[in-house]
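Below is work_31.csv, which holds CSV, C-alpha atoms.
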chain,number,residue,atom,x,y,z
A,451,MET,CA,-11.1,-4.1,37.4
A,452,PRO,CA,-13.6,-6.6,36.1
A,453,ARG,CA,-12.1,-10.0,35.3
A,454,THR,CA,-13.1,-12.3,32.6
A,455,THR,CA,-14.4,-15.8,32.4
A,456,ARG,CA,-14.4,-18.3,29.6
A,457,THR,CA,-17.8,-18.8,27.9
A,458,THR,CA,-19.2,-22.3,27.9
A,459,SER,CA,-21.9,-21.8,25.4
A,460,ALA,CA,-21.1,-24.4,22.7
A,461,THR,CA,-24.0,-23.3,20.5
A,462,ARG,CA,-23.0,-19.7,20.4
A,463,THR,CA,-19.3,-20.5,19.8
A,464,ALA,CA,-20.2,-22.9,17.0
A,465,ARG,CA,-22.5,-20.5,15.3
A,466,LEU,CA,-19.9,-17.7,15.3
A,467,ALA,CA,-17.1,-20.0,14.4
A,468,GLY,CA,-19.1,-21.3,11.4
A,469,ALA,CA,-19.6,-17.8,10.1
A,470,ALA,CA,-15.9,-17.0,10.4
A,471,ALA,CA,-15.1,-20.2,8.6
A,472,LEU,CA,-17.2,-19.3,5.6
A,473,ALA,CA,-15.8,-15.9,5.4
A,474,LEU,CA,-12.2,-16.9,5.7
A,475,ALA,CA,-12.5,-20.2,3.8
A,476,ALA,CA,-10.8,-21.9,6.7
A,477,ALA,CA,-11.8,-23.8,9.9
A,478,LEU,CA,-11.7,-21.1,12.5
A,479,THR,CA,-12.9,-21.0,16.1
A,480,LEU,CA,-13.5,-18.0,18.4
A,481,SER,CA,-11.9,-17.2,21.6
A,482,ALA,CA,-13.7,-16.2,24.8
A,483,CYS,CA,-10.9,-14.6,26.7
A,484,GLY,CA,-11.0,-16.3,30.0
A,485,SER,CA,-9.3,-16.6,33.4
A,486,SER,CA,-8.6,-20.4,33.2
A,487,GLY,CA,-5.7,-19.9,30.7
A,488,ASP,CA,-5.7,-23.6,29.7
A,489,GLY,CA,-4.9,-22.8,26.1
A,490,THR,CA,-8.0,-24.4,24.7
A,491,SER,CA,-9.3,-21.2,23.2
A,492,ALA,CA,-6.5,-21.1,20.6
A,493,ALA,CA,-8.1,-21.0,17.2
A,494,LYS,CA,-7.0,-23.4,14.5
A,495,VAL,CA,-6.9,-23.3,10.8
A,496,THR,CA,-7.0,-26.0,8.1
A,497,GLN,CA,-5.3,-25.0,4.9
A,498,GLN,CA,-3.9,-26.5,1.7
A,499,LYS,CA,-0.2,-26.2,0.8
A,500,GLU,CA,0.5,-22.8,-0.7
A,501,ASP,CA,3.4,-21.5,-2.6
A,502,THR,CA,4.1,-18.5,-0.3
A,503,PRO,CA,7.2,-17.2,1.5
A,504,TYR,CA,5.1,-16.6,4.6
A,505,GLN,CA,4.7,-19.0,7.5
A,506,GLY,CA,1.3,-17.4,8.3
A,507,THR,CA,-1.8,-18.6,6.4
A,508,LYS,CA,-2.2,-17.2,2.9
A,509,LEU,CA,-5.8,-16.1,2.5
A,510,ALA,CA,-7.8,-17.3,-0.4
A,511,LYS,CA,-9.8,-14.1,-0.3
A,512,ASN,CA,-8.0,-10.8,0.1
A,513,PHE,CA,-10.2,-8.6,2.4
A,514,ASP,CA,-10.4,-4.8,2.1
A,515,LYS,CA,-9.2,-2.8,5.0
A,516,PRO,CA,-12.3,-1.9,7.0
A,517,ASP,CA,-13.9,1.5,6.7
A,518,LEU,CA,-13.6,2.3,10.4
A,519,GLN,CA,-13.5,5.6,12.3
A,520,LEU,CA,-12.8,5.3,16.1
A,521,THR,CA,-10.8,7.2,18.8
A,522,ASP,CA,-7.1,6.6,19.3
A,523,THR,CA,-5.3,6.5,22.6
A,524,SER,CA,-4.6,10.3,22.5
A,525,GLY,CA,-8.4,10.9,22.3
A,526,GLN,CA,-8.3,11.9,18.7
A,527,PRO,CA,-10.4,10.6,15.8
A,528,PHE,CA,-8.7,7.9,13.8
A,529,ASP,CA,-9.7,6.8,10.3
A,530,LEU,CA,-8.2,3.3,9.9
A,531,ARG,CA,-8.1,3.4,6.1
A,532,GLN,CA,-6.8,6.9,5.8
A,533,LYS,CA,-4.2,6.7,8.6
A,534,THR,CA,-2.8,3.4,7.5
A,535,ASN,CA,-3.1,3.9,3.7
A,536,GLY,CA,-0.2,2.3,1.8
A,537,ARG,CA,1.3,0.8,5.0
A,538,THR,CA,1.8,-2.7,6.2
A,539,THR,CA,-0.9,-3.2,8.9
A,540,LEU,CA,-1.4,-5.9,11.5
A,541,LEU,CA,-5.0,-5.8,12.8
A,542,PHE,CA,-6.3,-7.5,15.9
A,543,PHE,CA,-9.6,-7.3,17.8
A,544,GLY,CA,-9.6,-7.9,21.5
A,545,TYR,CA,-9.7,-6.2,24.9
A,546,THR,CA,-7.4,-5.3,27.7
A,547,SER,CA,-9.1,-7.3,30.5
A,548,CYS,CA,-8.4,-10.5,28.6
A,549,PRO,CA,-5.9,-12.5,30.7
A,550,ASP,CA,-4.7,-14.9,28.0
A,551,VAL,CA,-5.3,-14.7,24.2
A,552,CYS,CA,-5.0,-10.9,23.8
A,553,PRO,CA,-1.9,-10.2,25.9
A,554,THR,CA,-0.2,-13.3,24.5
A,555,THR,CA,-0.9,-12.4,20.9
A,556,MET,CA,0.1,-8.7,21.3
A,557,GLY,CA,3.1,-9.6,23.4
A,558,ASP,CA,4.4,-12.0,20.8
A,559,ILE,CA,4.0,-9.4,18.1
A,560,GLY,CA,5.7,-6.9,20.3
A,561,VAL,CA,8.8,-9.1,20.8
A,562,ALA,CA,9.0,-9.8,17.1
A,563,MET,CA,8.7,-6.1,16.3
A,564,LYS,CA,11.5,-5.3,18.6
A,565,ALA,CA,13.7,-7.7,16.7
A,566,LEU,CA,13.3,-5.8,13.5
A,567,PRO,CA,15.7,-3.1,12.3
A,568,ALA,CA,14.4,0.4,13.1
A,569,GLU,CA,13.7,1.2,9.4
A,570,GLU,CA,11.6,-1.9,8.9
A,571,ARG,CA,9.7,-1.4,12.2
A,572,LYS,CA,8.7,2.1,11.0
A,573,LYS,CA,7.0,0.5,8.0
A,574,ILE,CA,4.5,-1.5,10.1
A,575,ASP,CA,1.4,-0.4,11.9
A,576,VAL,CA,0.1,-2.7,14.6
A,577,VAL,CA,-3.5,-1.8,15.4
A,578,PHE,CA,-5.5,-3.2,18.4
A,579,VAL,CA,-9.2,-2.5,18.2
A,580,SER,CA,-11.1,-2.9,21.5
A,581,THR,CA,-14.1,-5.2,21.7
A,582,ASP,CA,-14.9,-3.8,25.2
A,583,PRO,CA,-15.0,0.0,24.7
A,584,GLN,CA,-16.9,0.7,27.8
A,585,ARG,CA,-13.9,-0.4,29.9
A,586,ASP,CA,-11.2,0.2,27.4
A,587,THR,CA,-10.9,4.0,27.5
A,588,PRO,CA,-8.0,5.6,25.5
A,589,LYS,CA,-6.0,5.9,28.7
A,590,VAL,CA,-6.5,2.3,29.6
A,591,LEU,CA,-5.6,1.2,26.1
A,592,ARG,CA,-2.4,3.2,26.1
A,593,THR,CA,-1.2,1.9,29.4
A,594,TRP,CA,-1.9,-1.7,28.3
A,595,LEU,CA,-0.3,-1.3,24.9
A,596,ASP,CA,2.8,0.4,26.1
A,597,SER,CA,3.9,-2.8,27.9
A,598,MET,CA,4.1,-4.5,24.4
A,599,GLY,CA,4.8,-1.7,22.0
A,600,SER,CA,4.9,2.0,22.7
A,601,ASP,CA,4.1,2.7,19.0
A,602,PHE,CA,1.2,0.3,18.8
A,603,ILE,CA,-2.1,1.9,17.8
A,604,GLY,CA,-5.1,1.4,20.1
A,605,LEU,CA,-8.6,2.2,19.0
A,606,THR,CA,-11.8,2.3,20.9
A,607,GLY,CA,-15.3,3.6,20.4
A,608,ASP,CA,-18.8,2.5,19.1
A,609,LEU,CA,-19.0,-1.3,19.5
A,610,ALA,CA,-21.5,-1.5,16.6
A,611,LYS,CA,-18.9,-0.1,14.3
A,612,VAL,CA,-16.3,-2.4,15.6
A,613,LYS,CA,-18.5,-5.5,15.1
A,614,THR,CA,-19.4,-4.4,11.5
A,615,ALA,CA,-15.7,-3.8,10.6
A,616,ALA,CA,-14.7,-7.2,12.1
A,617,LYS,CA,-17.6,-9.0,10.4
A,618,SER,CA,-16.4,-7.7,7.0
A,619,LEU,CA,-13.2,-9.6,7.7
A,620,GLY,CA,-14.9,-12.8,8.8
A,621,ILE,CA,-14.2,-12.0,12.4
A,622,MET,CA,-17.2,-12.4,14.7
A,623,ILE,CA,-17.6,-10.4,17.9
A,624,GLU,CA,-20.2,-10.6,20.6
A,625,ASP,CA,-21.3,-7.9,23.0
A,626,PRO,CA,-19.5,-8.2,26.4
A,627,VAL,CA,-21.6,-10.1,29.0
A,628,VAL,CA,-21.6,-9.1,32.6
A,629,ASN,CA,-22.2,-12.2,34.7
A,630,ALA,CA,-24.1,-12.5,37.9
A,631,ASP,CA,-20.8,-12.5,39.9
A,632,GLY,CA,-19.6,-9.3,38.2
A,633,THR,CA,-17.2,-10.9,35.9
A,634,VAL,CA,-17.2,-10.1,32.2
A,635,THR,CA,-17.1,-12.5,29.3
A,636,SER,CA,-16.1,-11.1,25.9
A,637,THR,CA,-16.2,-13.5,22.9
A,638,HIS,CA,-14.2,-12.4,19.9
A,639,GLY,CA,-12.3,-13.8,16.9
A,640,ALA,CA,-8.7,-14.4,17.8
A,641,GLN,CA,-7.2,-13.8,14.3
A,642,VAL,CA,-4.5,-11.3,13.3
A,643,LEU,CA,-4.8,-10.1,9.8
A,644,ALA,CA,-1.9,-8.6,7.8
A,645,PHE,CA,-2.6,-6.0,5.2
A,646,LEU,CA,0.0,-5.4,2.5
A,647,PRO,CA,0.9,-1.8,1.4
A,648,SER,CA,0.6,-2.6,-2.3
A,649,ASP,CA,-3.2,-2.8,-2.2
A,650,ASP,CA,-4.3,-2.3,1.5
A,651,LYS,CA,-5.9,-5.7,1.5
A,652,ALA,CA,-5.4,-8.6,3.9
A,653,HIS,CA,-3.2,-11.3,2.5
A,654,VAL,CA,-2.0,-13.3,5.5
A,655,LEU,CA,-3.8,-14.7,8.6
A,656,TYR,CA,-2.3,-15.5,12.0
A,657,MET,CA,-4.4,-17.6,14.4
A,658,SER,CA,-4.3,-17.5,18.2
A,659,GLY,CA,-1.5,-19.6,19.3
A,660,THR,CA,0.8,-18.5,16.5
A,661,GLU,CA,4.4,-18.8,17.8
A,662,GLU,CA,6.6,-15.7,18.2
A,663,LYS,CA,9.1,-17.2,15.7
A,664,THR,CA,6.5,-17.1,13.0
A,665,TYR,CA,6.0,-13.4,13.4
A,666,GLU,CA,9.8,-13.0,13.5
A,667,HIS,CA,10.0,-14.8,10.2
A,668,ASP,CA,7.1,-12.9,8.5
A,669,LEU,CA,7.4,-9.4,9.8
A,670,PRO,CA,10.5,-8.5,7.6
A,671,LEU,CA,8.6,-9.8,4.6
A,672,LEU,CA,5.5,-7.8,5.5
A,673,ALA,CA,7.6,-4.7,6.0
A,674,GLN,CA,9.0,-5.1,2.5
A,675,GLY,CA,5.5,-5.7,1.1
A,676,VAL,CA,6.5,-9.1,-0.3
A,677,LYS,CA,3.7,-10.7,-2.2
A,678,ALA,CA,2.0,-13.5,-0.4
Go ahead and render the structure in this file as structure tokens.
Amino acid sequence: MPRTTRTTSATRTARLAGAAALALAAALTLSACGSSGDGTSAAKVTQQKEDTPYQGTKLAKNFDKPDLQLTDTSGQPFDLRQKTNGRTTLLFFGYTSCPDVCPTTMGDIGVAMKALPAEERKKIDVVFVSTDPQRDTPKVLRTWLDSMGSDFIGLTGDLAKVKTAAKSLGIMIEDPVVNADGTVTSTHGAQVLAFLPSDDKAHVLYMSGTEEKTYEHDLPLLAQGVKA
């Protein structure tokens, strides 16, 4: 299986991070999932104090859920807006070969989800969209996601569609790069966006490095559709 390396292109990262910052009205950085695992890829956010019950970041702009049709882990077409309409939805873009940011983020969400009562857990859709669809087949996605949450939704397909959907949320994604040594670098935004069931818009943002206890605090509120 191809492994990943951390990108060292400061210019590229700065350009993409700048675009994300403008869209999210926050100071965001991108993550190039890499093999070094030194934690320096964790994105950061600068925000003003907000009157909100959430520990995640309250978004100044509430983004519409992307109009995105891909393939789920059963090989069936999946319309993101239609299938998650009126449901609390956590959305994250990443790829299964990532050795650090992606499994850590999804793993923390998985642990927090397991701590919820069954009835609340049923109200939340956790959606992982692959930024490396060539390698992330439905079968690969399902196997990877099952270790974190057997009910997590995995989507894969046309990367151009994925990039467009992510960009509409202020999340920038670059095409995977195959390096001379055969390793793969995939640079993508490391944000998790939470959409509320009341309007299907993103209201809360979680950056890479968000602690598990933050998800444990916020997931019950999200399940209940509490206003941010």
For atom CA of Lys511 of chain A and atom CA of Lys651 of chain A, the interatomic separation in Å (one decimal):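 Pair atom CA of Lys511 of chain A / atom CA of Lys651 of chain A returns 9.4 Å.
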In Å, rounded to a single decimal, give me how far atom CA of Asn535 of chain A is from atom CA of Gly607 of chain A.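 Here the two named atoms are 20.7 Å from each other.
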Just to confirm, what's the straight-line distance from atom CA of Ser597 of chain A to atom CA of Thr546 of chain A in Å (one decimal)?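 Atom-to-atom, atom CA of Ser597 of chain A to atom CA of Thr546 of chain A, that is 11.6 Å.
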What's the 9 Å shell around His653 of chain A, counting only C-alpha atoms, without same-chain residues fewer than 3 positions away, as a PDB file with C-alpha atoms, in the coordinates of the input?
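out_27.pdb, freshly written:
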ATOM      1  CA  THR A 507      -1.800 -18.600   6.400  1.00  0.00           C
ATOM      2  CA  LYS A 508      -2.200 -17.200   2.900  1.00  0.00           C
ATOM      3  CA  LEU A 509      -5.800 -16.100   2.500  1.00  0.00           C
ATOM      4  CA  ALA A 510      -7.800 -17.300  -0.400  1.00  0.00           C
ATOM      5  CA  LYS A 511      -9.800 -14.100  -0.300  1.00  0.00           C
ATOM      6  CA  ASN A 512      -8.000 -10.800   0.100  1.00  0.00           C
ATOM      7  CA  PHE A 513     -10.200  -8.600   2.400  1.00  0.00           C
ATOM      8  CA  LEU A 643      -4.800 -10.100   9.800  1.00  0.00           C
ATOM      9  CA  ALA A 644      -1.900  -8.600   7.800  1.00  0.00           C
ATOM     10  CA  PHE A 645      -2.600  -6.000   5.200  1.00  0.00           C
ATOM     11  CA  LEU A 646       0.000  -5.400   2.500  1.00  0.00           C
ATOM     12  CA  LYS A 677       3.700 -10.700  -2.200  1.00  0.00           C
ATOM     13  CA  ALA A 678       2.000 -13.500  -0.400  1.00  0.00           C
TER      14      ALA A 678
END
Identify, on the basis of only C-alpha atoms, every residue whose closest approach to Phe542 of chain A does not exceed 9 Å; exclude the query and any residue fewer than 6 positions from it along the same chain; express the result as a list in words.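 Listed by chain and then number, they are Cys552, Thr555, Met556, Val576, Val577, Phe578, Val579, Ser580, Gly639, Ala640, Gln641, Val642 and Leu643 of chain A.
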Write out as a PyMOL selection string which residues come within 9 Å of Lys589 of chain A when counting only C-alpha atoms, dropping same-chain ones fewer than 2 positions away. chain A and resi 523-525+586-587+591-594
